[in-house]
>>> print(open('protein-v9.tsv').read())   # TSV, C-alpha atoms
chain	number	residue	atom	x	y	z
A	1	MET	CA	50.97	38.95	-55.82
A	2	LYS	CA	47.65	37.43	-56.77
A	3	LYS	CA	44.83	39.56	-58.09
A	4	SER	CA	41.28	39.59	-56.68
A	5	ILE	CA	38.72	38.82	-59.41
A	6	GLY	CA	35.62	38.57	-57.19
A	7	PRO	CA	33.45	35.51	-56.55
A	8	HIS	CA	32.76	33.18	-59.51
A	9	THR	CA	31.54	29.61	-59.82
A	10	ILE	CA	34.78	28.50	-61.41
A	11	LEU	CA	36.78	25.44	-60.56
A	12	HIS	CA	39.12	23.53	-62.89
A	13	PRO	CA	38.34	20.97	-64.22
A	14	HIS	CA	34.55	20.48	-64.27
A	15	PRO	CA	33.08	17.23	-65.55
A	16	VAL	CA	30.33	16.96	-68.17
A	17	LEU	CA	27.58	14.75	-66.75
A	18	LEU	CA	24.24	13.65	-68.17
A	19	VAL	CA	21.61	13.08	-65.49
A	20	GLY	CA	18.98	10.48	-66.48
A	21	THR	CA	15.53	10.36	-64.87
A	22	TYR	CA	11.97	9.15	-65.41
A	23	ASP	CA	9.24	11.75	-64.91
A	24	GLU	CA	5.97	10.98	-63.11
A	25	GLU	CA	4.54	9.52	-66.33
A	26	GLY	CA	7.57	7.26	-66.71
A	27	LYS	CA	9.04	9.21	-69.63
A	28	ALA	CA	12.84	9.16	-69.83
A	29	ASN	CA	14.70	12.49	-69.78
A	30	LEU	CA	18.28	13.75	-69.70
A	31	CYS	CA	19.94	16.91	-68.40
A	32	THR	CA	23.58	18.05	-68.71
A	33	VAL	CA	25.36	19.35	-65.59
A	34	ALA	CA	28.92	20.42	-64.84
A	35	TRP	CA	28.22	20.60	-61.13
A	36	GLY	CA	28.53	17.11	-59.81
A	37	GLY	CA	31.15	14.92	-58.16
A	38	ILE	CA	31.95	12.20	-55.66
A	39	CYS	CA	31.23	13.14	-52.05
A	40	CYS	CA	31.67	10.01	-49.94
A	41	SER	CA	33.56	6.68	-50.10
A	42	ASN	CA	31.28	4.69	-47.80
A	43	PRO	CA	28.52	4.49	-48.85
A	44	PRO	CA	29.89	5.39	-52.30
A	45	SER	CA	28.05	8.62	-53.07
A	46	LEU	CA	27.92	11.49	-55.52
A	47	TYR	CA	25.96	14.69	-55.91
A	48	VAL	CA	24.49	16.70	-58.76
A	49	ALA	CA	23.32	20.31	-58.31
A	50	LEU	CA	20.13	21.46	-60.03
A	51	ARG	CA	17.81	24.46	-60.12
A	52	LYS	CA	14.18	23.99	-59.10
A	53	ALA	CA	13.15	25.25	-62.58
A	54	THR	CA	14.48	22.13	-64.32
A	55	LYS	CA	12.32	19.15	-65.21
A	56	THR	CA	14.99	16.85	-63.76
A	57	TYR	CA	14.61	18.47	-60.31
A	58	GLY	CA	11.00	17.31	-60.01
A	59	SER	CA	11.74	13.90	-61.52
A	60	ILE	CA	14.50	13.12	-59.00
A	61	LEU	CA	12.19	14.03	-56.11
A	62	SER	CA	9.34	11.89	-57.42
A	63	SER	CA	11.40	8.84	-58.50
A	64	ARG	CA	14.03	9.10	-55.69
A	65	ALA	CA	16.60	7.95	-58.25
A	66	PHE	CA	18.81	9.10	-61.12
A	67	THR	CA	21.69	7.96	-63.31
A	68	VAL	CA	24.88	9.89	-64.08
A	69	ASN	CA	26.14	9.19	-67.59
A	70	ILE	CA	29.62	10.23	-68.72
A	71	PRO	CA	29.78	11.03	-72.44
A	72	SER	CA	32.98	10.80	-74.46
A	73	VAL	CA	34.51	13.57	-76.61
A	74	SER	CA	32.76	12.14	-79.69
A	75	GLN	CA	29.41	12.97	-78.02
A	76	LEU	CA	30.09	16.70	-77.53
A	77	LYS	CA	27.24	17.93	-79.74
A	78	GLU	CA	24.63	15.75	-78.08
A	79	ALA	CA	25.87	16.59	-74.56
A	80	ASP	CA	25.81	20.33	-75.32
A	81	TYR	CA	22.33	20.08	-76.87
A	82	VAL	CA	20.95	18.17	-73.85
A	83	GLY	CA	22.13	21.05	-71.63
A	84	ILE	CA	20.43	23.76	-73.71
A	85	VAL	CA	16.88	22.50	-74.32
A	86	SER	CA	14.32	21.43	-71.72
A	87	GLY	CA	12.69	18.03	-71.40
A	88	LYS	CA	9.47	19.97	-70.92
A	89	ASP	CA	9.65	20.91	-74.63
A	90	VAL	CA	11.41	18.04	-76.40
A	91	ASP	CA	12.13	14.32	-76.10
A	92	LYS	CA	15.90	14.39	-75.71
A	93	PHE	CA	16.38	10.66	-76.16
A	94	GLU	CA	14.54	10.87	-79.47
A	95	LYS	CA	16.48	13.95	-80.61
A	96	THR	CA	19.90	12.51	-79.73
A	97	ALA	CA	18.92	9.07	-81.03
A	98	TRP	CA	20.31	7.66	-77.79
A	99	THR	CA	18.87	4.54	-76.16
A	100	ALA	CA	17.21	4.82	-72.73
A	101	VAL	CA	17.80	1.58	-70.81
A	102	LYS	CA	15.97	0.99	-67.52
A	103	ALA	CA	18.66	0.81	-64.83
A	104	GLU	CA	19.05	-2.53	-63.10
A	105	HIS	CA	18.93	-1.31	-59.50
A	106	VAL	CA	17.13	2.07	-59.53
A	107	ASN	CA	14.06	3.65	-61.09
A	108	ALA	CA	15.90	5.72	-63.71
A	109	PRO	CA	17.10	5.29	-67.30
A	110	PHE	CA	20.74	5.20	-68.37
A	111	VAL	CA	22.22	6.03	-71.77
A	112	GLU	CA	23.43	2.88	-73.54
A	113	GLU	CA	25.76	4.88	-75.83
A	114	THR	CA	27.91	6.69	-73.21
A	115	PRO	CA	30.96	4.74	-71.97
A	116	LEU	CA	29.96	4.99	-68.27
A	117	SER	CA	26.67	5.18	-66.37
A	118	LEU	CA	26.32	5.35	-62.59
A	119	GLU	CA	23.05	4.14	-61.04
A	120	CYS	CA	22.14	6.26	-57.99
A	121	LYS	CA	19.52	6.11	-55.24
A	122	LEU	CA	18.58	9.51	-53.82
A	123	ARG	CA	19.72	9.69	-50.19
A	124	LYS	CA	19.57	13.40	-49.35
A	125	SER	CA	18.67	16.73	-50.89
A	126	VAL	CA	20.42	19.81	-49.57
A	127	GLU	CA	19.22	23.37	-50.24
A	128	VAL	CA	22.21	25.61	-50.92
A	129	GLY	CA	20.56	28.61	-52.61
A	130	LEU	CA	19.40	28.79	-56.22
A	131	HIS	CA	20.67	25.23	-56.60
A	132	THR	CA	19.77	22.10	-54.66
A	133	MET	CA	22.30	19.30	-54.20
A	134	PHE	CA	20.94	15.82	-54.73
A	135	ILE	CA	23.14	13.27	-52.97
A	136	GLY	CA	22.82	9.77	-54.36
A	137	GLU	CA	24.32	6.47	-53.33
A	138	ILE	CA	26.12	4.83	-56.28
A	139	VAL	CA	24.68	1.31	-56.28
A	140	ASP	CA	26.28	0.17	-59.54
A	141	ILE	CA	28.28	1.35	-62.54
A	142	LYS	CA	27.53	0.17	-66.04
A	143	ALA	CA	30.46	0.43	-68.46
A	144	HIS	CA	31.36	-0.38	-72.03
A	145	GLU	CA	33.74	-3.30	-71.64
A	146	GLU	CA	36.35	-1.76	-73.96
A	147	VAL	CA	36.96	1.24	-71.61
A	148	LEU	CA	37.96	-0.91	-68.61
A	149	THR	CA	41.45	-1.59	-67.22
A	150	GLU	CA	42.64	-5.11	-66.40
A	151	LYS	CA	41.22	-4.54	-62.91
A	152	GLU	CA	37.81	-3.81	-64.45
A	153	LEU	CA	37.98	-0.11	-63.56
A	154	PRO	CA	37.29	2.69	-66.06
A	155	ASP	CA	40.48	3.86	-67.82
A	156	ILE	CA	40.23	7.61	-68.41
A	157	SER	CA	42.34	7.31	-71.60
A	158	LYS	CA	39.70	4.99	-73.06
A	159	VAL	CA	36.59	6.69	-71.64
A	160	LYS	CA	37.82	9.99	-73.16
A	161	PRO	CA	35.55	12.20	-71.02
A	162	MET	CA	35.19	15.92	-71.62
A	163	VAL	CA	36.32	18.73	-69.34
A	164	TYR	CA	34.10	21.80	-69.09
A	165	ALA	CA	35.83	25.14	-68.48
A	166	THR	CA	33.50	27.85	-67.21
A	167	GLY	CA	35.84	30.78	-67.82
A	168	ASN	CA	36.39	29.65	-71.42
A	169	MET	CA	32.75	28.58	-72.01
A	170	ALA	CA	34.23	25.60	-73.86
A	171	TYR	CA	34.83	21.86	-73.70
A	172	PHE	CA	38.33	20.38	-73.56
A	173	ALA	CA	39.80	16.89	-73.87
A	174	VAL	CA	41.80	15.09	-71.21
A	175	GLY	CA	45.47	15.13	-72.20
A	176	GLU	CA	48.50	12.97	-71.45
A	177	GLU	CA	49.27	11.11	-68.23
A	178	LEU	CA	51.54	13.20	-66.00
A	179	GLY	CA	52.41	10.71	-63.27
A	180	ARG	CA	51.11	8.14	-60.82
A	181	ALA	CA	49.35	9.25	-57.63
A	182	PHE	CA	50.46	8.50	-54.05
A	183	LYS	CA	54.11	8.20	-55.10
A	184	ASN	CA	55.61	11.40	-53.66
A	185	ARG	CA	55.88	10.58	-49.96
A	186	ASP	CA	59.11	12.60	-49.92
A	187	LEU	CA	59.81	15.92	-51.57
B	1	MET	CA	25.40	-4.04	-73.85
B	2	LYS	CA	27.06	-2.41	-70.89
B	3	LYS	CA	28.73	-4.46	-68.20
B	4	SER	CA	28.03	-4.11	-64.47
B	5	ILE	CA	31.25	-3.40	-62.53
B	6	GLY	CA	29.69	-2.74	-59.11
B	7	PRO	CA	29.68	0.51	-57.12
B	8	HIS	CA	32.88	2.62	-57.20
B	9	THR	CA	33.66	6.24	-56.35
B	10	ILE	CA	34.68	6.97	-59.92
B	11	LEU	CA	33.69	9.94	-61.98
B	12	HIS	CA	35.67	11.46	-64.87
B	13	PRO	CA	37.31	13.95	-64.58
B	14	HIS	CA	38.11	14.70	-60.92
B	15	PRO	CA	39.87	17.94	-59.99
B	16	VAL	CA	42.98	18.18	-57.81
B	17	LEU	CA	42.28	20.69	-55.04
B	18	LEU	CA	44.39	21.90	-52.12
B	19	VAL	CA	42.30	22.89	-49.11
B	20	GLY	CA	43.94	25.58	-46.95
B	21	THR	CA	43.03	26.07	-43.27
B	22	TYR	CA	44.32	27.47	-39.99
B	23	ASP	CA	44.16	25.12	-37.00
B	24	GLU	CA	43.08	26.29	-33.55
B	25	GLU	CA	46.62	27.57	-32.85
B	26	GLY	CA	46.57	29.57	-36.09
B	27	LYS	CA	49.00	27.26	-37.90
B	28	ALA	CA	48.49	27.03	-41.67
B	29	ASN	CA	47.86	23.60	-43.18
B	30	LEU	CA	47.01	22.08	-46.57
B	31	CYS	CA	45.21	18.93	-47.68
B	32	THR	CA	44.72	17.51	-51.21
B	33	VAL	CA	41.24	16.38	-52.26
B	34	ALA	CA	39.74	15.13	-55.53
B	35	TRP	CA	36.23	15.31	-54.13
B	36	GLY	CA	35.12	18.89	-54.49
B	37	GLY	CA	33.15	21.01	-56.94
B	38	ILE	CA	30.76	23.87	-57.49
B	39	CYS	CA	27.30	23.29	-56.04
B	40	CYS	CA	25.36	26.57	-56.37
B	41	SER	CA	25.41	29.71	-58.50
B	42	ASN	CA	23.72	32.05	-56.01
B	43	PRO	CA	25.28	32.34	-53.54
B	44	PRO	CA	28.34	31.06	-55.44
B	45	SER	CA	29.22	27.92	-53.50
B	46	LEU	CA	31.44	24.87	-53.58
B	47	TYR	CA	31.98	21.79	-51.45
B	48	VAL	CA	34.89	19.65	-50.38
B	49	ALA	CA	34.41	16.18	-48.84
B	50	LEU	CA	36.64	15.12	-45.95
B	51	ARG	CA	36.95	12.30	-43.44
B	52	LYS	CA	36.70	13.11	-39.73
B	53	ALA	CA	40.19	11.64	-39.25
B	54	THR	CA	41.87	14.49	-41.13
B	55	LYS	CA	43.37	17.54	-39.43
B	56	THR	CA	41.59	19.75	-41.98
B	57	TYR	CA	38.18	18.46	-40.83
B	58	GLY	CA	38.65	19.91	-37.34
B	59	SER	CA	40.22	23.11	-38.63
B	60	ILE	CA	37.28	23.91	-40.94
B	61	LEU	CA	34.84	23.41	-38.08
B	62	SER	CA	36.80	25.63	-35.70
B	63	SER	CA	37.69	28.42	-38.17
B	64	ARG	CA	34.43	28.21	-40.21
B	65	ALA	CA	36.52	28.96	-43.31
B	66	PHE	CA	38.83	27.40	-45.90
B	67	THR	CA	40.51	28.13	-49.22
B	68	VAL	CA	40.52	25.93	-52.32
B	69	ASN	CA	43.76	26.24	-54.25
B	70	ILE	CA	44.12	24.85	-57.79
B	71	PRO	CA	47.68	23.73	-58.57
B	72	SER	CA	49.07	23.56	-62.09
B	73	VAL	CA	50.70	20.53	-63.75
B	74	SER	CA	54.14	21.81	-62.73
B	75	GLN	CA	53.09	21.36	-59.08
B	76	LEU	CA	52.20	17.64	-59.32
B	77	LYS	CA	54.84	16.44	-56.84
B	78	GLU	CA	53.86	18.93	-54.16
B	79	ALA	CA	50.13	18.32	-54.67
B	80	ASP	CA	50.61	14.56	-54.42
B	81	TYR	CA	52.82	14.91	-51.31
B	82	VAL	CA	50.26	17.16	-49.57
B	83	GLY	CA	47.66	14.41	-50.08
B	84	ILE	CA	49.82	11.66	-48.57
B	85	VAL	CA	51.19	13.11	-45.31
B	86	SER	CA	49.19	14.58	-42.41
B	87	GLY	CA	49.44	18.10	-41.04
B	88	LYS	CA	49.45	16.44	-37.63
B	89	ASP	CA	52.97	15.19	-38.41
B	90	VAL	CA	54.59	17.75	-40.71
B	91	ASP	CA	54.42	21.42	-41.66
B	92	LYS	CA	53.31	21.10	-45.29
B	93	PHE	CA	53.91	24.76	-46.16
B	94	GLU	CA	57.50	24.40	-44.95
B	95	LYS	CA	58.03	21.10	-46.80
B	96	THR	CA	56.62	22.36	-50.10
B	97	ALA	CA	58.32	25.75	-49.69
B	98	TRP	CA	54.97	27.31	-50.56
B	99	THR	CA	53.86	30.66	-49.11
B	100	ALA	CA	50.79	30.78	-46.84
B	101	VAL	CA	49.03	34.13	-47.35
B	102	LYS	CA	46.20	35.13	-44.98
B	103	ALA	CA	43.06	35.34	-47.14
B	104	GLU	CA	41.53	38.78	-47.51
B	105	HIS	CA	37.95	37.87	-46.60
B	106	VAL	CA	38.07	34.64	-44.56
B	107	ASN	CA	40.08	33.15	-41.72
B	108	ALA	CA	42.16	30.75	-43.81
B	109	PRO	CA	45.47	30.78	-45.70
B	110	PHE	CA	45.84	30.53	-49.46
B	111	VAL	CA	48.83	29.30	-51.46
B	112	GLU	CA	50.55	32.19	-53.23
B	113	GLU	CA	52.20	29.85	-55.78
B	114	THR	CA	49.10	28.13	-57.24
B	115	PRO	CA	47.44	29.96	-60.16
B	116	LEU	CA	44.00	30.10	-58.48
B	117	SER	CA	42.75	30.30	-54.90
B	118	LEU	CA	39.10	30.49	-53.85
B	119	GLU	CA	38.27	32.05	-50.47
B	120	CYS	CA	35.33	30.27	-48.82
B	121	LYS	CA	33.15	30.83	-45.77
B	122	LEU	CA	31.70	27.65	-44.29
B	123	ARG	CA	27.91	27.69	-44.72
B	124	LYS	CA	26.85	24.10	-44.09
B	125	SER	CA	28.30	20.73	-43.22
B	126	VAL	CA	26.45	17.65	-44.42
B	127	GLU	CA	27.08	14.14	-43.07
B	128	VAL	CA	27.02	11.63	-45.93
B	129	GLY	CA	28.78	8.64	-44.39
B	130	LEU	CA	32.52	8.21	-43.88
B	131	HIS	CA	32.90	11.64	-45.51
B	132	THR	CA	31.40	14.98	-44.54
B	133	MET	CA	30.67	17.62	-47.16
B	134	PHE	CA	31.69	21.13	-46.23
B	135	ILE	CA	29.73	23.65	-48.29
B	136	GLY	CA	31.40	27.04	-48.52
B	137	GLU	CA	30.34	30.31	-50.08
B	138	ILE	CA	33.00	31.54	-52.53
B	139	VAL	CA	33.52	35.14	-51.42
B	140	ASP	CA	36.48	35.90	-53.68
B	141	ILE	CA	38.95	34.31	-56.10
B	142	LYS	CA	42.61	35.24	-56.10
B	143	ALA	CA	44.41	34.57	-59.40
B	144	HIS	CA	47.79	35.01	-61.01
B	145	GLU	CA	47.16	37.77	-63.52
B	146	GLU	CA	48.81	35.85	-66.37
B	147	VAL	CA	46.20	33.04	-66.27
B	148	LEU	CA	43.23	35.37	-66.89
B	149	THR	CA	41.24	35.90	-70.09
B	150	GLU	CA	40.46	39.39	-71.42
B	151	LYS	CA	37.28	39.23	-69.34
B	152	GLU	CA	39.39	38.60	-66.21
B	153	LEU	CA	38.22	35.00	-65.91
B	154	PRO	CA	40.59	32.05	-65.45
B	155	ASP	CA	41.62	30.50	-68.81
B	156	ILE	CA	42.00	26.74	-68.35
B	157	SER	CA	44.73	26.63	-71.02
B	158	LYS	CA	46.82	28.99	-68.91
B	159	VAL	CA	45.91	27.63	-65.46
B	160	LYS	CA	46.93	24.14	-66.65
B	161	PRO	CA	45.12	22.28	-63.85
B	162	MET	CA	45.51	18.56	-63.29
B	163	VAL	CA	42.86	15.89	-63.74
B	164	TYR	CA	42.82	13.02	-61.26
B	165	ALA	CA	41.66	9.64	-62.55
B	166	THR	CA	40.67	7.21	-59.80
B	167	GLY	CA	40.62	4.07	-61.96
B	168	ASN	CA	44.11	4.85	-63.26
B	169	MET	CA	45.47	6.11	-59.90
B	170	ALA	CA	47.20	8.82	-61.93
B	171	TYR	CA	47.21	12.50	-62.81
B	172	PHE	CA	46.49	13.74	-66.33
B	173	ALA	CA	46.77	17.08	-68.14
B	174	VAL	CA	43.89	18.97	-69.75
B	175	GLY	CA	44.17	18.59	-73.52
B	176	GLU	CA	43.00	20.57	-76.53
B	177	GLU	CA	39.83	22.64	-76.85
B	178	LEU	CA	37.06	20.59	-78.49
B	179	GLY	CA	34.40	23.23	-79.05
B	180	ARG	CA	32.43	26.08	-77.53
B	181	ALA	CA	29.57	25.41	-75.12
B	182	PHE	CA	25.90	26.38	-75.61
B	183	LYS	CA	26.24	26.33	-79.41
B	184	ASN	CA	24.32	23.18	-80.33
B	185	ARG	CA	20.71	24.28	-79.99
B	186	ASP	CA	19.91	22.07	-82.98
B	187	LEU	CA	21.14	18.58	-83.68
>>> encode(input="protein-v9.tsv", output="structure tokens")
Amino acid sequence: MKKSIGPHTILHPHPVLLVGTYDEEGKANLCTVAWGGICCSNPPSLYVALRKATKTYGSILSSRAFTVNIPSVSQLKEADYVGIVSGKDVDKFEKTAWTAVKAEHVNAPFVEETPLSLECKLRKSVEVGLHTMFIGEIVDIKAHEEVLTEKELPDISKVKPMVYATGNMAYFAVGEELGRAFKNRDL
Amino acid sequence: MKKSIGPHTILHPHPVLLVGTYDEEGKANLCTVAWGGICCSNPPSLYVALRKATKTYGSILSSRAFTVNIPSVSQLKEADYVGIVSGKDVDKFEKTAWTAVKAEHVNAPFVEETPLSLECKLRKSVEVGLHTMFIGEIVDIKAHEEVLTEKELPDISKVKPMVYATGNMAYFAVGEELGRAFKNRDL
């Protein structure tokens, strides 16, 4: 029989996402979140959840745009750092020595060095409680060419994204392929 | 320089989640989704995104509750199957030989055999486009005792959840621990 452990904000696996924004002065900033994901196929949309206290919260509302950058395992230190300090205190692009590139379709910067960057237009903000969900339409993805499959889609084995595990307070790698999806029509 | 590959609903990593509901006749059903995640710390909340065409969509609206069950790598075939067929056509609990347990706090069934099950009360539904986001408050987590850490939190190395990769159309395992979080205050 399963044991009750009370309510926790734990789901496995969480992603590690870097949200890129310009503030009202046009300064580029980054913020690490584990609470984000796809939420609609048409229009292609994703969300990130943020507290009002963050600098990124205000920047998304003023610019109506953001990017979601997916770092690889080799960028663990930078991704962790970006989630600890505030853009109110430091210039995170300067500290990480990452390059802020103005997105092609939205008013937000993406990180040139991460394998994937999603350009998003803010469509909705939803108050849930301490966190607000920002729902953005994905208008384009920018990718390092070497992480793409033959069909020009990101190959997770080449992107090498991190997994965040709340209960462990640690980052993990993605392991081996287990099997193809949509193959088990019969049991 | 990064390459533009157009808009896609791709984020790395996606979880593999089994949404448990009772329909209006009280029959237990399951549905596999990759689009779900935590969206608020207080109240602890998560979302799952579903199309109106699914049986689960109607069941969440009528019961105002659902569970989110996290299968382990050993349950790949069942999890994939549950995502292919519709509860309108088959009894998925019977086919998978899984046990539907009435949740303690909400009007929804959880899967006894998956290592983790989150009991959720529907708080909000948000129309995004083809998909609707159902935001639920996590009122309790039920866990197999052997997957817990000393602090009674789920240990991802013991839960062994799957990662779904859209671009690969495949399931992956979680790999090795890379490092602790919130440790890199300096770069």
>>> axis_aligned_box(input="protein-v9.tsv", around="range 2-9 of chain B", padding_each_side="3 Å", output="JSON")
{"center_x": 30.4, "center_y": 0.9, "center_z": -63.6, "size_x": 12.6, "size_y": 16.7, "size_z": 20.5}
>>> closest_residue(input="protein-v9.tsv", among="B:Ser86, B:Ser74, B:Ser4, B:Thr67", to="Leu116 in chain A", atoms="all atoms listed in the file")
B:Ser4
>>> atom_distance(input="protein-v9.tsv", atom1="CA of Gly167 in chain A", atom2="CA of Lys151 in chain B")
8.7 Å
>>> residues_near_point(input="protein-v9.tsv", point="(42.2, 36.6, -65.3)", cutoff="10 Å", atoms="all atoms listed in the file", output="list in words")
Lys3, Ser4, Ile5 and Gly167 of chain A; Pro115, Leu116, Lys142, Ala143, His144, Glu145, Glu146, Val147, Leu148, Thr149, Glu150, Lys151, Glu152, Leu153, Pro154, Asp155, Lys158 and Val159 of chain B
>>> atom_distance(input="protein-v9.tsv", atom1="CA of Asn69 in chain B", atom2="CA of Leu18 in chain B")
4.9 Å
>>> residues_around(input="protein-v9.tsv", residues="Gly129 in chain A", least_positions_apart="3", cutoff="8 Å", atoms="all atoms listed in the file", output="PyMOL selection string")
(chain A and resi 132) or (chain B and resi 40-43)
>>> atom_distance(input="protein-v9.tsv", atom1="CA of Glu24 in chain B", atom2="CA of Lys102 in chain B")
14.8 Å
>>> residues_around(input="protein-v9.tsv", residues="Thr32 in chain A", least_positions_apart="6", cutoff="9 Å", atoms="only C-alpha atoms", output="ChimeraX atom specification")
/A:16-19,79-84
>>> closest_residue(input="protein-v9.tsv", among="A:Val90, A:Ala181, A:Met133, A:Val163", to="Lys27 in chain A", atoms="all atoms listed in the file")
A:Val90
>>> closest_residue(input="protein-v9.tsv", among="B:Val85, B:Leu30, B:Val106, B:Leu61", to="chain A", atoms="all atoms listed in the file")
B:Val85
>>> residues_around(input="protein-v9.tsv", residues="Ile138 in chain B", least_positions_apart="5", cutoff="8 Å", atoms="all atoms listed in the file", output="MDAnalysis selection string")
(chainID A and resid 7:9) or (chainID B and resid 43:46 118:121)
>>> closest_residue(input="protein-v9.tsv", among="B:Asp89, B:His14, B:Ile60, B:Ala65", to="chain A", atoms="only C-alpha atoms")
B:His14
>>> residues_near_point(input="protein-v9.tsv", point="(50.1, 20.0, -61.8)", cutoff="9 Å", atoms="all atoms listed in the file", output="short mmCIF file (atom, residue, chain, number, x, y, z; two decimals) with C-alpha atoms, in the frame of the given file")
data_model
loop_
_atom_site.label_atom_id
_atom_site.label_comp_id
_atom_site.auth_asym_id
_atom_site.auth_seq_id
_atom_site.Cartn_x
_atom_site.Cartn_y
_atom_site.Cartn_z
CA LEU A 178 51.54 13.20 -66.00
CA VAL B 16 42.98 18.18 -57.81
CA ILE B 70 44.12 24.85 -57.79
CA PRO B 71 47.68 23.73 -58.57
CA SER B 72 49.07 23.56 -62.09
CA VAL B 73 50.70 20.53 -63.75
CA SER B 74 54.14 21.81 -62.73
CA GLN B 75 53.09 21.36 -59.08
CA LEU B 76 52.20 17.64 -59.32
CA LYS B 77 54.84 16.44 -56.84
CA GLU B 78 53.86 18.93 -54.16
CA ALA B 79 50.13 18.32 -54.67
CA LYS B 160 46.93 24.14 -66.65
CA PRO B 161 45.12 22.28 -63.85
CA MET B 162 45.51 18.56 -63.29
CA VAL B 163 42.86 15.89 -63.74
CA TYR B 171 47.21 12.50 -62.81
CA PHE B 172 46.49 13.74 -66.33
CA ALA B 173 46.77 17.08 -68.14
#
>>> closest_residue(input="protein-v9.tsv", among="B:Thr56, B:Ser62, B:Thr166, B:Ser125", to="Trp35 in chain B", atoms="only C-alpha atoms")
B:Thr166
>>> closest_residue(input="protein-v9.tsv", among="A:Arg123, A:Glu113, A:Lys52, A:Glu94", to="Phe66 in chain A", atoms="all atoms listed in the file")
A:Arg123
>>> residues_around(input="protein-v9.tsv", residues="Ala53 in chain B", least_positions_apart="3", cutoff="12 Å", atoms="all atoms listed in the file", output="PyMOL selection string")
chain B and resi 50+56-59+86-88+130-132
>>> write_last_selection(input="protein-v9.tsv", atoms="C-alpha atoms", output="mmCIF file, keeping the file's coordinate frame")
data_model
loop_
_atom_site.group_PDB
_atom_site.id
_atom_site.type_symbol
_atom_site.label_atom_id
_atom_site.label_comp_id
_atom_site.auth_asym_id
_atom_site.auth_seq_id
_atom_site.Cartn_x
_atom_site.Cartn_y
_atom_site.Cartn_z
ATOM 1 C CA LEU B 50 36.640 15.120 -45.950
ATOM 2 C CA THR B 56 41.590 19.750 -41.980
ATOM 3 C CA TYR B 57 38.180 18.460 -40.830
ATOM 4 C CA GLY B 58 38.650 19.910 -37.340
ATOM 5 C CA SER B 59 40.220 23.110 -38.630
ATOM 6 C CA SER B 86 49.190 14.580 -42.410
ATOM 7 C CA GLY B 87 49.440 18.100 -41.040
ATOM 8 C CA LYS B 88 49.450 16.440 -37.630
ATOM 9 C CA LEU B 130 32.520 8.210 -43.880
ATOM 10 C CA HIS B 131 32.900 11.640 -45.510
ATOM 11 C CA THR B 132 31.400 14.980 -44.540
#
>>> decode(input="protein-v9.tsv", residues="range 120-131 of chain A", atoms="N, CA and C atoms", output="compact mmCIF listing (two decimals), in the first residue's frame")
# COMPACT_ATOMS: atom_id res chain seq x y z
N CYS A 120 9.27 33.35 -27.51
CA CYS A 120 7.86 33.30 -27.08
C CYS A 120 7.24 34.69 -26.95
N LYS A 121 6.00 34.80 -27.46
CA LYS A 121 5.20 36.01 -27.27
C LYS A 121 4.22 35.77 -26.14
N LEU A 122 4.16 36.65 -25.17
CA LEU A 122 3.24 36.48 -24.05
C LEU A 122 1.80 36.53 -24.55
N ARG A 123 1.03 35.50 -24.21
CA ARG A 123 -0.38 35.46 -24.63
C ARG A 123 -1.33 35.62 -23.45
N LYS A 124 -0.93 35.06 -22.29
CA LYS A 124 -1.82 35.09 -21.12
C LYS A 124 -0.98 35.03 -19.86
N SER A 125 -1.44 35.68 -18.79
CA SER A 125 -0.84 35.42 -17.49
C SER A 125 -1.96 34.95 -16.57
N VAL A 126 -1.66 33.91 -15.81
CA VAL A 126 -2.67 33.27 -14.97
C VAL A 126 -2.18 33.27 -13.53
N GLU A 127 -2.94 33.90 -12.63
CA GLU A 127 -2.59 33.91 -11.21
C GLU A 127 -2.97 32.56 -10.60
N VAL A 128 -2.01 31.88 -10.00
CA VAL A 128 -2.32 30.59 -9.37
C VAL A 128 -2.25 30.73 -7.84
N GLY A 129 -1.32 31.51 -7.36
CA GLY A 129 -1.13 31.71 -5.92
C GLY A 129 0.15 32.52 -5.79
N LEU A 130 1.14 31.99 -5.08
CA LEU A 130 2.42 32.70 -4.98
C LEU A 130 3.07 32.85 -6.36
N HIS A 131 2.81 31.91 -7.23
CA HIS A 131 3.37 31.96 -8.59
C HIS A 131 2.32 32.37 -9.62
